[in-house]
$ cat my_file.cif   # mmCIF, C-alpha atoms and all ligand atoms
data_upload
#
loop_
_atom_site.label_atom_id
_atom_site.label_comp_id
_atom_site.auth_asym_id
_atom_site.auth_seq_id
_atom_site.Cartn_x
_atom_site.Cartn_y
_atom_site.Cartn_z
CA MET A 1 6.12 17.36 2.11
CA LEU A 2 7.60 16.95 5.59
CA LYS A 3 6.74 13.26 5.45
CA ALA A 4 8.53 12.88 2.10
CA LEU A 5 11.57 14.72 3.45
CA LYS A 6 11.62 12.52 6.51
CA GLN A 7 11.48 9.37 4.41
CA THR A 8 14.35 10.62 2.25
CA THR A 9 16.39 11.36 5.38
CA LEU A 10 15.64 7.91 6.78
CA ARG A 11 16.67 6.24 3.51
CA SER A 12 19.94 8.22 3.49
CA LEU A 13 20.67 7.25 7.10
CA LYS A 14 20.06 3.63 6.18
CA THR A 15 22.32 3.81 3.13
CA VAL A 16 25.28 5.26 5.03
CA GLY A 17 24.87 2.69 7.81
CA VAL A 18 23.68 4.97 10.62
CA SER A 19 20.46 2.98 11.06
CA ALA A 20 22.35 -0.28 11.57
CA MET A 21 24.70 1.44 14.02
CA VAL A 22 21.81 2.75 16.13
CA HIS A 23 20.00 -0.58 15.83
CA ASN A 24 22.89 -2.43 17.42
CA SER A 25 23.89 0.33 19.82
CA ARG A 26 24.07 0.37 23.61
CA TRP A 27 21.50 3.20 23.51
CA ARG A 28 18.96 0.97 21.73
CA ARG A 29 19.78 -2.01 24.00
CA GLN A 30 18.65 0.02 27.01
CA ARG A 31 15.33 0.78 25.37
CA LEU A 32 12.12 -1.06 24.76
CA LEU A 33 9.89 -0.32 21.79
CA ILE A 34 6.25 -1.02 22.64
CA LEU A 35 4.09 -1.22 19.52
CA ALA A 36 0.34 -0.54 19.66
CA TYR A 37 -2.30 -1.90 17.29
CA HIS A 38 -6.06 -1.69 17.26
CA GLY A 39 -8.26 -3.33 14.64
CA ILE A 40 -7.27 -5.39 11.60
CA SER A 41 -9.91 -4.78 8.93
CA LEU A 42 -12.63 -7.30 8.20
CA LEU A 43 -13.92 -5.21 5.29
CA ASP A 44 -13.07 -1.56 4.63
CA GLU A 45 -12.53 -0.19 8.17
CA HIS A 46 -9.03 1.15 7.38
CA GLU A 47 -10.54 3.34 4.66
CA TRP A 48 -12.81 4.85 7.31
CA ASN A 49 -10.11 5.20 9.98
CA TYR A 50 -6.52 4.46 8.92
CA THR A 51 -5.01 5.18 12.35
CA GLN A 52 -7.15 2.59 14.13
CA TYR A 53 -7.51 -0.09 11.45
CA MET A 54 -5.05 -1.70 9.07
CA PRO A 55 -5.45 -4.38 6.40
CA THR A 56 -4.11 -7.85 7.24
CA SER A 57 -1.49 -7.44 4.50
CA VAL A 58 0.07 -4.47 6.35
CA LEU A 59 0.20 -6.37 9.65
CA ARG A 60 1.92 -9.24 7.82
CA MET A 61 4.52 -6.81 6.43
CA ARG A 62 5.15 -5.43 9.93
CA LEU A 63 5.69 -8.87 11.44
CA GLN A 64 7.99 -9.77 8.55
CA GLN A 65 9.97 -6.57 9.13
CA LEU A 66 10.34 -7.44 12.83
CA LYS A 67 11.90 -10.77 11.76
CA ILE A 68 14.12 -9.23 9.07
CA SER A 69 15.34 -6.59 11.55
CA ARG A 70 16.17 -9.38 14.04
CA CYS A 71 14.12 -7.74 16.76
CA ASN A 72 13.67 -9.64 19.99
CA VAL A 73 9.93 -9.62 20.58
CA LEU A 74 9.32 -10.28 24.28
CA PRO A 75 6.15 -10.86 26.30
CA LEU A 76 5.17 -7.47 27.74
CA GLY A 77 5.58 -8.43 31.42
CA GLU A 78 9.04 -9.91 30.85
CA ALA A 79 10.08 -6.92 28.72
CA ILE A 80 9.12 -4.43 31.43
CA THR A 81 10.87 -6.40 34.18
CA ARG A 82 14.03 -6.65 32.09
CA LEU A 83 13.84 -2.98 31.08
CA TYR A 84 14.16 -1.89 34.71
CA MET A 85 16.76 -4.56 35.52
CA GLY A 86 18.94 -3.28 32.65
CA ASP A 87 18.72 -6.77 31.15
CA LEU A 88 17.02 -6.23 27.79
CA PRO A 89 18.27 -8.18 24.77
CA ASP A 90 19.32 -6.27 21.65
CA ARG A 91 16.52 -4.63 19.64
CA ALA A 92 13.78 -5.34 22.21
CA VAL A 93 10.15 -4.96 21.18
CA ALA A 94 6.79 -5.74 22.82
CA ILE A 95 3.58 -6.00 20.79
CA THR A 96 0.22 -4.84 22.16
CA PHE A 97 -3.30 -4.69 20.75
CA ASP A 98 -5.99 -2.45 22.27
CA ASP A 99 -9.68 -3.03 22.89
CA GLY A 100 -10.20 -6.66 21.81
CA THR A 101 -12.27 -6.19 18.68
CA ALA A 102 -13.62 -9.40 17.15
CA ASP A 103 -11.29 -9.11 14.15
CA PHE A 104 -8.34 -9.92 16.45
CA ASN A 105 -9.41 -13.56 16.38
CA SER A 106 -9.94 -13.96 12.66
CA GLN A 107 -7.36 -11.49 11.25
CA ALA A 108 -4.50 -10.88 13.70
CA PHE A 109 -4.27 -14.13 15.64
CA PRO A 110 -3.50 -16.45 12.67
CA LEU A 111 -0.55 -14.16 11.76
CA ILE A 112 0.64 -13.94 15.37
CA LYS A 113 0.64 -17.73 15.47
CA GLU A 114 2.42 -18.03 12.14
CA PHE A 115 5.17 -15.62 13.22
CA GLU A 116 5.27 -17.07 16.76
CA MET A 117 5.33 -13.71 18.47
CA PRO A 118 4.13 -13.02 22.01
CA VAL A 119 1.30 -10.50 22.12
CA THR A 120 -0.58 -8.65 24.86
CA LEU A 121 -4.23 -7.78 24.30
CA TYR A 122 -5.57 -4.93 26.43
CA LEU A 123 -9.21 -5.93 26.69
CA THR A 124 -12.15 -3.69 27.49
CA THR A 125 -14.80 -6.06 28.74
CA PHE A 126 -18.28 -4.47 28.66
CA TYR A 127 -18.79 -5.12 24.95
CA SER A 128 -17.41 -8.63 25.25
CA HIS A 129 -20.37 -9.47 27.46
CA TYR A 130 -22.83 -7.37 25.47
CA ASN A 131 -22.04 -8.77 22.07
CA ARG A 132 -23.38 -6.07 19.78
CA PRO A 133 -21.47 -3.32 17.90
CA VAL A 134 -19.75 -0.67 20.04
CA PHE A 135 -22.21 2.19 19.71
CA ASP A 136 -19.96 5.28 19.40
CA VAL A 137 -17.69 3.82 16.75
CA MET A 138 -20.53 2.12 14.88
CA VAL A 139 -22.30 5.49 14.55
CA SER A 140 -19.14 7.03 13.12
CA TYR A 141 -18.59 4.10 10.74
CA LEU A 142 -22.22 4.13 9.54
CA LEU A 143 -22.09 7.87 8.80
CA TRP A 144 -18.97 7.25 6.74
CA LYS A 145 -20.67 4.36 4.93
CA GLY A 146 -23.56 6.70 4.12
CA ARG A 147 -21.28 9.54 3.02
CA GLU A 148 -23.07 9.95 -0.31
CA LYS A 149 -26.43 10.50 1.38
CA THR A 150 -28.37 13.23 3.14
CA LEU A 151 -29.47 12.28 6.63
CA ASP A 152 -32.75 13.48 8.09
CA LEU A 153 -31.92 13.78 11.79
CA ASN A 154 -35.48 14.76 12.59
CA ALA A 155 -36.74 11.27 11.83
CA LEU A 156 -33.95 9.70 13.86
CA ILE A 157 -33.38 11.77 17.00
CA ASP A 158 -35.98 14.53 16.85
CA HIS A 159 -33.33 17.05 15.83
CA ASP A 160 -34.56 19.50 13.26
CA SER A 161 -31.95 19.27 10.52
CA ARG A 162 -31.04 17.50 7.34
CA ILE A 163 -27.33 16.88 6.93
CA ASP A 164 -25.52 16.31 3.65
CA LEU A 165 -22.89 13.75 4.69
CA ARG A 166 -20.52 14.32 1.78
CA CYS A 167 -17.90 16.09 3.88
CA ASP A 168 -16.16 14.90 7.04
CA ASP A 169 -17.31 17.94 9.03
CA ALA A 170 -20.94 17.14 8.30
CA GLN A 171 -20.41 13.52 9.34
CA ASN A 172 -18.89 14.78 12.55
CA THR A 173 -21.80 17.15 13.21
CA ALA A 174 -24.24 14.28 12.78
CA ARG A 175 -22.11 12.00 14.96
CA VAL A 176 -21.96 14.53 17.81
CA ALA A 177 -25.73 15.12 17.63
CA ILE A 178 -26.50 11.39 17.75
CA LEU A 179 -24.06 10.65 20.61
CA GLU A 180 -25.40 13.67 22.54
CA PHE A 181 -28.91 12.37 22.10
CA GLY A 182 -27.88 8.98 23.49
CA ARG A 183 -26.22 10.60 26.47
CA ILE A 184 -29.01 13.06 27.30
CA GLN A 185 -31.73 10.44 26.91
CA LYS A 186 -29.59 8.01 28.98
CA LEU A 187 -30.27 5.28 26.45
CA SER A 188 -29.62 1.69 27.51
CA ALA A 189 -27.21 -0.49 25.51
CA GLU A 190 -30.18 -2.09 23.76
CA GLU A 191 -31.76 1.26 22.91
CA LYS A 192 -28.45 2.50 21.52
CA ASP A 193 -28.19 -0.59 19.37
CA GLU A 194 -31.68 0.07 18.06
CA LEU A 195 -30.69 3.66 17.28
CA ALA A 196 -27.63 2.43 15.37
CA ALA A 197 -29.87 0.01 13.43
CA ASN A 198 -32.26 2.88 12.59
CA LEU A 199 -29.34 5.02 11.46
CA ALA A 200 -28.17 2.20 9.18
CA ARG A 201 -31.66 1.88 7.74
CA ALA A 202 -31.88 5.63 7.11
CA LEU A 203 -28.58 5.43 5.21
CA HIS A 204 -29.49 2.22 3.32
CA VAL A 205 -26.66 0.30 4.96
CA ASP A 206 -27.29 -3.39 5.72
CA TYR A 207 -26.93 -3.53 9.52
CA ASP A 208 -27.61 -7.27 9.73
CA PHE A 209 -24.75 -7.93 7.31
CA LEU A 210 -22.40 -5.81 9.46
CA ILE A 211 -23.51 -7.74 12.56
CA GLU A 212 -22.90 -11.01 10.74
CA GLN A 213 -19.40 -9.83 9.79
CA ARG A 214 -18.88 -8.73 13.43
CA ILE A 215 -17.92 -5.21 12.44
CA MET A 216 -17.24 -3.00 15.51
CA GLN A 217 -17.95 -5.89 17.85
CA ASN A 218 -15.74 -7.24 20.61
CA LEU A 219 -14.42 -10.75 21.20
CA THR A 220 -16.86 -12.94 23.12
CA PRO A 221 -15.81 -14.27 26.56
CA GLU A 222 -15.48 -17.75 25.00
CA GLU A 223 -13.10 -16.43 22.35
CA VAL A 224 -11.03 -14.65 24.99
CA THR A 225 -10.80 -17.90 26.98
CA GLU A 226 -9.52 -19.71 23.88
CA LEU A 227 -7.05 -16.97 22.96
CA ALA A 228 -5.66 -16.94 26.50
CA ALA A 229 -5.27 -20.74 26.37
CA GLU A 230 -3.35 -20.28 23.09
CA GLY A 231 -0.91 -17.91 24.79
CA ILE A 232 -2.35 -14.44 24.23
CA ASP A 233 -1.70 -12.31 27.32
CA ILE A 234 -4.96 -10.54 28.31
CA GLN A 235 -4.52 -7.30 30.27
CA LEU A 236 -6.47 -4.28 31.58
CA HIS A 237 -8.15 -1.54 29.53
CA THR A 238 -11.10 -0.67 31.89
CA HIS A 239 -14.51 -2.34 31.74
CA ARG A 240 -16.34 0.52 29.99
CA HIS A 241 -13.43 2.09 28.08
CA ARG A 242 -13.22 5.20 30.23
CA VAL A 243 -11.13 6.69 33.01
CA PRO A 244 -13.41 8.60 35.41
CA LYS A 245 -11.78 11.41 37.36
CA ASP A 246 -13.52 10.16 40.48
CA HIS A 247 -11.44 7.82 42.64
CA ASP A 248 -14.14 5.25 43.41
CA LEU A 249 -15.43 5.08 39.84
CA PHE A 250 -11.87 4.75 38.54
CA ILE A 251 -11.12 1.87 40.92
CA ARG A 252 -14.42 0.24 39.94
CA GLU A 253 -13.44 0.36 36.26
CA ILE A 254 -10.24 -1.57 37.01
CA ASP A 255 -11.94 -4.01 39.41
CA ASP A 256 -14.78 -4.84 37.01
CA ASN A 257 -12.31 -5.22 34.15
CA ARG A 258 -9.98 -7.45 36.19
CA GLN A 259 -12.76 -9.67 37.52
CA SER A 260 -14.15 -10.10 34.07
CA ILE A 261 -10.74 -11.00 32.63
CA HIS A 262 -10.13 -13.39 35.52
CA ALA A 263 -13.43 -15.15 34.80
CA MET A 264 -12.41 -15.53 31.14
CA THR A 265 -8.74 -16.48 31.57
CA GLY A 266 -8.26 -17.66 35.17
CA ARG A 267 -5.42 -15.12 35.49
CA GLN A 268 -4.94 -11.89 37.42
CA ALA A 269 -4.26 -9.00 35.05
CA SER A 270 -1.84 -6.33 36.31
CA HIS A 271 -0.73 -4.39 33.21
CA PHE A 272 -2.88 -1.47 32.11
CA CYS A 273 -3.40 0.66 29.00
CA TYR A 274 -5.13 4.06 29.23
CA PRO A 275 -8.30 4.02 27.09
CA SER A 276 -7.93 6.56 24.27
CA GLY A 277 -4.48 7.32 25.72
CA VAL A 278 -6.09 9.62 28.31
CA HIS A 279 -3.85 9.94 31.35
CA ASP A 280 -3.70 12.27 34.33
CA PRO A 281 -1.29 12.55 37.29
CA ALA A 282 -4.23 11.81 39.63
CA PHE A 283 -4.54 8.32 38.14
CA LEU A 284 -1.05 7.15 39.12
CA PRO A 285 -1.68 6.52 42.87
CA TRP A 286 -5.05 4.98 42.00
CA LEU A 287 -3.36 2.55 39.61
CA THR A 288 -0.81 1.63 42.28
CA GLU A 289 -3.64 1.12 44.77
CA SER A 290 -5.28 -1.22 42.24
CA GLY A 291 -2.13 -3.33 42.01
CA VAL A 292 -1.31 -2.20 38.48
CA VAL A 293 2.41 -2.67 37.76
CA SER A 294 2.68 -0.94 34.38
CA ALA A 295 0.58 1.41 32.26
CA THR A 296 1.04 2.40 28.62
CA THR A 297 0.04 5.61 26.83
CA CYS A 298 -0.08 6.48 23.12
CA GLN A 299 2.76 9.02 23.39
CA PRO A 300 5.24 7.89 20.75
CA GLY A 301 8.71 7.03 21.96
CA PHE A 302 10.93 4.37 23.51
CA ALA A 303 10.59 3.18 27.10
CA SER A 304 13.88 3.56 28.99
CA PRO A 305 14.88 2.67 32.57
CA ASP A 306 14.13 6.33 33.39
CA SER A 307 10.51 6.08 32.19
CA ASN A 308 7.77 6.15 34.77
CA ARG A 309 6.40 2.59 34.67
CA LEU A 310 2.85 3.97 34.82
CA LEU A 311 3.43 6.28 31.83
CA LEU A 312 5.21 4.07 29.32
CA PRO A 313 5.30 5.45 25.76
CA ARG A 314 4.08 3.38 22.82
CA VAL A 315 4.26 3.75 19.08
CA LEU A 316 0.83 3.56 17.49
CA ASP A 317 1.54 1.69 14.27
CA ASN A 318 -0.94 2.56 11.54
CA THR A 319 -1.60 2.34 7.83
CA GLY A 320 -0.19 5.83 7.28
CA LEU A 321 3.27 4.81 8.50
CA ALA A 322 5.54 4.09 5.50
CA PRO A 323 7.65 0.88 5.72
CA ILE A 324 10.85 2.98 6.11
CA GLU A 325 9.26 4.88 9.02
CA PHE A 326 8.23 1.65 10.73
CA GLU A 327 11.72 0.24 10.23
CA SER A 328 13.23 3.40 11.71
CA TRP A 329 11.22 2.83 14.88
CA LEU A 330 12.65 -0.69 15.13
CA THR A 331 16.20 0.54 14.72
CA GLY A 332 15.76 3.57 16.98
CA VAL A 333 16.63 6.20 14.36
CA SER A 334 13.10 7.64 14.58
CA ALA A 335 13.72 8.75 18.16
CA ALA A 336 16.09 11.42 16.85
CA LEU A 337 13.78 12.82 14.16
CA PRO A 338 10.80 15.18 14.43
CA ARG A 339 7.52 13.34 14.62
CA ARG A 340 4.18 13.69 12.99
CA ARG A 341 1.57 13.59 15.72
CA ILE A 342 -0.95 10.81 15.43
CA PRO A 343 -4.11 11.78 17.33
CA GLU A 344 -4.63 9.66 20.41
CA ALA A 345 -8.11 9.05 19.14
CA THR A 346 -9.96 6.09 20.43
CA ASN A 347 -11.20 3.12 18.59
CA LEU A 348 -13.85 2.33 21.16
CA GLY A 349 -16.03 5.04 22.60
CA SER A 350 -16.70 5.10 26.33
CA VAL A 351 -19.68 3.15 27.50
CA HIS A 352 -22.25 5.45 29.04
CA HIS A 353 -25.72 4.09 29.33
CA ARG A 354 -28.35 3.10 31.76
CA ASN A 355 -28.11 -0.68 32.00
CA ARG A 356 -24.78 -1.86 33.30
ZN ZN A 401 -9.01 1.53 23.57
#

$ encode --input "my_file.cif" --output "C-alpha cells" --more "lines below"
Ligand SMILES: [Zn+2]
Amino acid sequence: MLKALKQTTLRSLKTVGVSAMVHNSRWRRQRLLILAYHGISLLDEHEWNYTQYMPTSVLRMRLQQLKISRCNVLPLGEAITRLYMGDLPDRAVAITFDDGTADFNSQAFPLIKEFEMPVTLYLTTFYSHYNRPVFDVMVSYLLWKGREKTLDLNALIDHDSRIDLRCDDAQNTARVAILEFGRIQKLSAEEKDELAANLARALHVDYDFLIEQRIMQNLTPEEVTELAAEGIDIQLHTHRHRVPKDHDLFIREIDDNRQSIHAMTGRQASHFCYPSGVHDPAFLPWLTESGVVSATTCQPGFASPDSNRLLLPRVLDNTGLAPIEFESWLTGVSAALPRRRIPEATNLGSVHHRNR
C-alpha cells in the first residue's frame, strides 16, 4: 500500500516537473549516487532472493535508464575525489558490484561493456581461490530449491528432526541448524562442500548441474585478471567476507584480500565495502591504518561532501525496486521521501572453517 502510494507520488512529481528540477539542481550536483548490485541470475536465483539477485533484463533496464536520465557514471575513485573537491558533474553516479560471483562475468560484464560504463567490483577472495559454491548461501539456496520436500536432518547432521520445508520459517530453521553444525564441528571448506552435496542429494537437487552452471560460485583468479585488464576496477571486500571485531584479525582480512587482488590484477586496492553492510565505529581507525581511502555501506542515501568517507551510503538496487523508484534515485527525488528498508542481508556468508 505504502509502496503504491509512493509510486503515485513519484509519478505526480515527475508529471509536474519537480523530478527534472531536482535532477538538474545544485543540490543534486553536490551529491553522488553510489549504486550497489550483487548477483545477476544464471537460473532462478532472483526468485530465491530478489534483493541479492536480479535477472539480466532488469540490469539492462537500469543501464538504459541511466543513459536516458543523462547520468554521468564515473569510476568510483574519481567520483569520490571529485565529491570532496566539489567538482562533480551533473547527475553523478558510481556503479558497484559486491562479492564477485561468477555470474558477473557471463551476465553483467557483457552489458557493462555494451553500455560502456565504469564499474567497481568489490571482491571477496577466499572463494575465488577455492572454486566451489559459497557454503552458507548454497545451503540457503538448496533448501529453497527443495521447498516442496521434507528434510530428515538426522541423516544429514545427526540432528533429531524432520523438517517440512514448505514455509520460509522451516527453511530458516534447517539453515541455522546446518550452519551451526558446520561451525561447531569446525568443518573444512571441503567437508562443507561435501555437506552441501549431501543436502542436495537429500532434496533430489542435481548438485553437479549447479556446479556446472557455477551457481553460488565466485570468479576464478584468471577471470578476475581478465576483467581487470578489460577495465573493471577490483576493490576490497575482505578475504573471508567478514569483519572481525579484533584489530589484528580485521587487519589480516584487508591484507589477505589486498594481496590476493594484487596478485590477480597487479594493482593496489584502496577502496573498501563492508561485507553484509556491517560497520562499527571501531573499524574506522583500522581502515585508515590499512590505507583504505573510502568505504561504502548499504545505508540508502546520497553521498555528500559532508559524508564520512569511510561510511559512504549506497543504494542497493534490487528486483523489488519499481522503475519509477529507481528513476527517482537517479534524479534525487527519493532522498526526500520515506524509504522502505531493504535488509542489509548478505549474499555471501562469512567463511569460517578449519583450512585457510
Ligand atoms: Zn558481500

$ residues_near_ligand --input "my_file.cif" --ligand "ligand ZN 401 (chain A)" --cutoff "12 Å" --atoms "all atoms listed in the file" --output "PyMOL selection string"
chain A and resi 36-39+52+96-101+121-125+127+134+137+218+235-243+272-278+296-298+316+344-351

$ closest_residue --input "my_file.cif" --among "A:Ile95, A:Cys71, A:Ala196, A:Leu111" --to "A:Val58" --atoms "all atoms listed in the file"
A:Leu111

$ residues_around --input "my_file.cif" --residues "A:Val315" --least-positions-apart "6" --cutoff "7 Å" --atoms "all atoms listed in the file" --output "NGL selection string"
:A and (34-36 or 298-301)

$ closest_residue --input "my_file.cif" --among "A:Leu63, A:Glu226, A:Ile112, A:Lys245" --to "A:Ala282" --atoms "all atoms listed in the file"
A:Lys245

$ residues_near_point --input "my_file.cif" --point "(-18.0, 1.0, 35.9)" --cutoff "8 Å" --atoms "all atoms listed in the file" --output "JSON, numbers by chain"
{"A": [239, 240, 249, 250, 252, 253, 256, 356]}

$ closest_residue --input "my_file.cif" --among "A:Glu222, A:Glu289, A:Asp168, A:Asp248" --to "A:Met264" --atoms "only C-alpha atoms"
A:Glu222

$ closest_residue --input "my_file.cif" --among "A:Arg201, A:Thr81, A:Val119, A:Asp193" --to "A:Arg309" --atoms "all atoms listed in the file"
A:Thr81

$ atom_distance --input "my_file.cif" --atom1 "atom CA of A:Lys113" --atom2 "atom CA of A:His23"
25.9 Å

$ closest_residue --input "my_file.cif" --among "A:Ile211, A:Leu10, A:Leu284, A:Leu310" --to "A:Ile251" --atoms "only C-alpha atoms"
A:Leu284

$ closest_residue --input "my_file.cif" --among "A:Cys167, A:Ile80, A:Ile215, A:Ile234" --to "A:Tyr53" --atoms "only C-alpha atoms"
A:Ile215

$ atom_distance --input "my_file.cif" --atom1 "atom CA of A:Ala335" --atom2 "atom CA of A:Arg314"
12.0 Å

$ atom_distance --input "my_file.cif" --atom1 "atom CA of A:Asn131" --atom2 "atom CA of A:Ser270"
24.8 Å

$ residues_around --input "my_file.cif" --residues "A:Gln268" --least-positions-apart "5" --cutoff "9 Å" --atoms "all atoms listed in the file" --output "PyMOL selection string"
chain A and resi 235+258-259+261-262

$ residues_near_point --input "my_file.cif" --point "(19.6, -6.4, 11.7)" --cutoff "12 Å" --atoms "only C-alpha atoms" --output "PyMOL selection string"
chain A and resi 14+17+19-25+65-72+90-91+327-328+330-332

$ decode --input "my_file.cif" --residues "stretch 77-86 of chain A" --atoms "all heavy atoms" --output "mmCIF file, in the first residue's frame"
data_model
loop_
_atom_site.group_PDB
_atom_site.id
_atom_site.type_symbol
_atom_site.label_atom_id
_atom_site.label_comp_id
_atom_site.auth_asym_id
_atom_site.auth_seq_id
_atom_site.Cartn_x
_atom_site.Cartn_y
_atom_site.Cartn_z
ATOM 1 N N GLY A 77 36.703 5.772 -7.842
ATOM 2 C CA GLY A 77 37.794 6.568 -7.260
ATOM 3 C C GLY A 77 37.694 8.026 -7.681
ATOM 4 O O GLY A 77 37.805 8.942 -6.853
ATOM 5 N N GLU A 78 37.480 8.244 -8.975
ATOM 6 C CA GLU A 78 37.351 9.618 -9.495
ATOM 7 C C GLU A 78 36.140 10.310 -8.874
ATOM 8 O O GLU A 78 36.201 11.481 -8.468
ATOM 9 C CB GLU A 78 37.208 9.580 -11.024
ATOM 10 C CG GLU A 78 37.031 10.977 -11.627
ATOM 11 C CD GLU A 78 36.693 10.935 -13.128
ATOM 12 O OE1 GLU A 78 37.051 9.956 -13.805
ATOM 13 O OE2 GLU A 78 36.060 11.910 -13.600
ATOM 14 N N ALA A 79 35.030 9.573 -8.775
ATOM 15 C CA ALA A 79 33.797 10.158 -8.230
ATOM 16 C C ALA A 79 34.011 10.626 -6.789
ATOM 17 O O ALA A 79 33.567 11.719 -6.416
ATOM 18 C CB ALA A 79 32.671 9.126 -8.292
ATOM 19 N N ILE A 80 34.705 9.825 -6.005
ATOM 20 C CA ILE A 80 34.908 10.178 -4.593
ATOM 21 C C ILE A 80 35.857 11.382 -4.473
ATOM 22 O O ILE A 80 35.600 12.310 -3.703
ATOM 23 C CB ILE A 80 35.402 8.950 -3.798
ATOM 24 C CG1 ILE A 80 34.237 7.942 -3.700
ATOM 25 C CG2 ILE A 80 35.891 9.334 -2.408
ATOM 26 C CD1 ILE A 80 34.594 6.589 -3.157
ATOM 27 N N THR A 81 36.911 11.388 -5.260
ATOM 28 C CA THR A 81 37.826 12.540 -5.250
ATOM 29 C C THR A 81 37.060 13.817 -5.604
ATOM 30 O O THR A 81 37.159 14.840 -4.926
ATOM 31 C CB THR A 81 38.973 12.323 -6.285
ATOM 32 O OG1 THR A 81 39.614 11.103 -5.960
ATOM 33 C CG2 THR A 81 39.976 13.460 -6.252
ATOM 34 N N ARG A 82 36.270 13.736 -6.667
ATOM 35 C CA ARG A 82 35.552 14.931 -7.130
ATOM 36 C C ARG A 82 34.427 15.343 -6.181
ATOM 37 O O ARG A 82 34.109 16.523 -6.070
ATOM 38 C CB ARG A 82 35.033 14.702 -8.561
ATOM 39 C CG ARG A 82 36.192 14.599 -9.557
ATOM 40 C CD ARG A 82 35.733 14.314 -10.966
ATOM 41 N NE ARG A 82 34.997 15.432 -11.555
ATOM 42 C CZ ARG A 82 34.550 15.444 -12.812
ATOM 43 N NH1 ARG A 82 34.768 14.389 -13.602
ATOM 44 N NH2 ARG A 82 33.901 16.484 -13.293
ATOM 45 N N LEU A 83 33.853 14.366 -5.480
ATOM 46 C CA LEU A 83 32.817 14.673 -4.484
ATOM 47 C C LEU A 83 33.389 15.628 -3.430
ATOM 48 O O LEU A 83 32.775 16.646 -3.097
ATOM 49 C CB LEU A 83 32.336 13.375 -3.818
ATOM 50 C CG LEU A 83 31.469 13.510 -2.567
ATOM 51 C CD1 LEU A 83 30.089 14.061 -2.923
ATOM 52 C CD2 LEU A 83 31.304 12.154 -1.869
ATOM 53 N N TYR A 84 34.569 15.288 -2.921
ATOM 54 C CA TYR A 84 35.142 16.100 -1.837
ATOM 55 C C TYR A 84 35.809 17.375 -2.342
ATOM 56 O O TYR A 84 36.034 18.301 -1.574
ATOM 57 C CB TYR A 84 36.098 15.250 -0.993
ATOM 58 C CG TYR A 84 35.326 14.226 -0.172
ATOM 59 C CD1 TYR A 84 35.300 12.887 -0.553
ATOM 60 C CD2 TYR A 84 34.570 14.614 0.935
ATOM 61 C CE1 TYR A 84 34.556 11.949 0.167
ATOM 62 C CE2 TYR A 84 33.818 13.691 1.663
ATOM 63 C CZ TYR A 84 33.812 12.369 1.272
ATOM 64 O OH TYR A 84 33.067 11.456 1.978
ATOM 65 N N MET A 85 36.111 17.421 -3.644
ATOM 66 C CA MET A 85 36.653 18.662 -4.221
ATOM 67 C C MET A 85 35.533 19.609 -4.644
ATOM 68 O O MET A 85 35.795 20.733 -5.087
ATOM 69 C CB MET A 85 37.519 18.344 -5.446
ATOM 70 C CG MET A 85 38.892 17.787 -5.069
ATOM 71 S SD MET A 85 39.759 17.153 -6.520
ATOM 72 C CE MET A 85 39.797 18.632 -7.539
ATOM 73 N N GLY A 86 34.281 19.161 -4.543
ATOM 74 C CA GLY A 86 33.148 19.980 -5.002
ATOM 75 C C GLY A 86 33.155 20.113 -6.511
ATOM 76 O O GLY A 86 32.753 21.135 -7.063
#
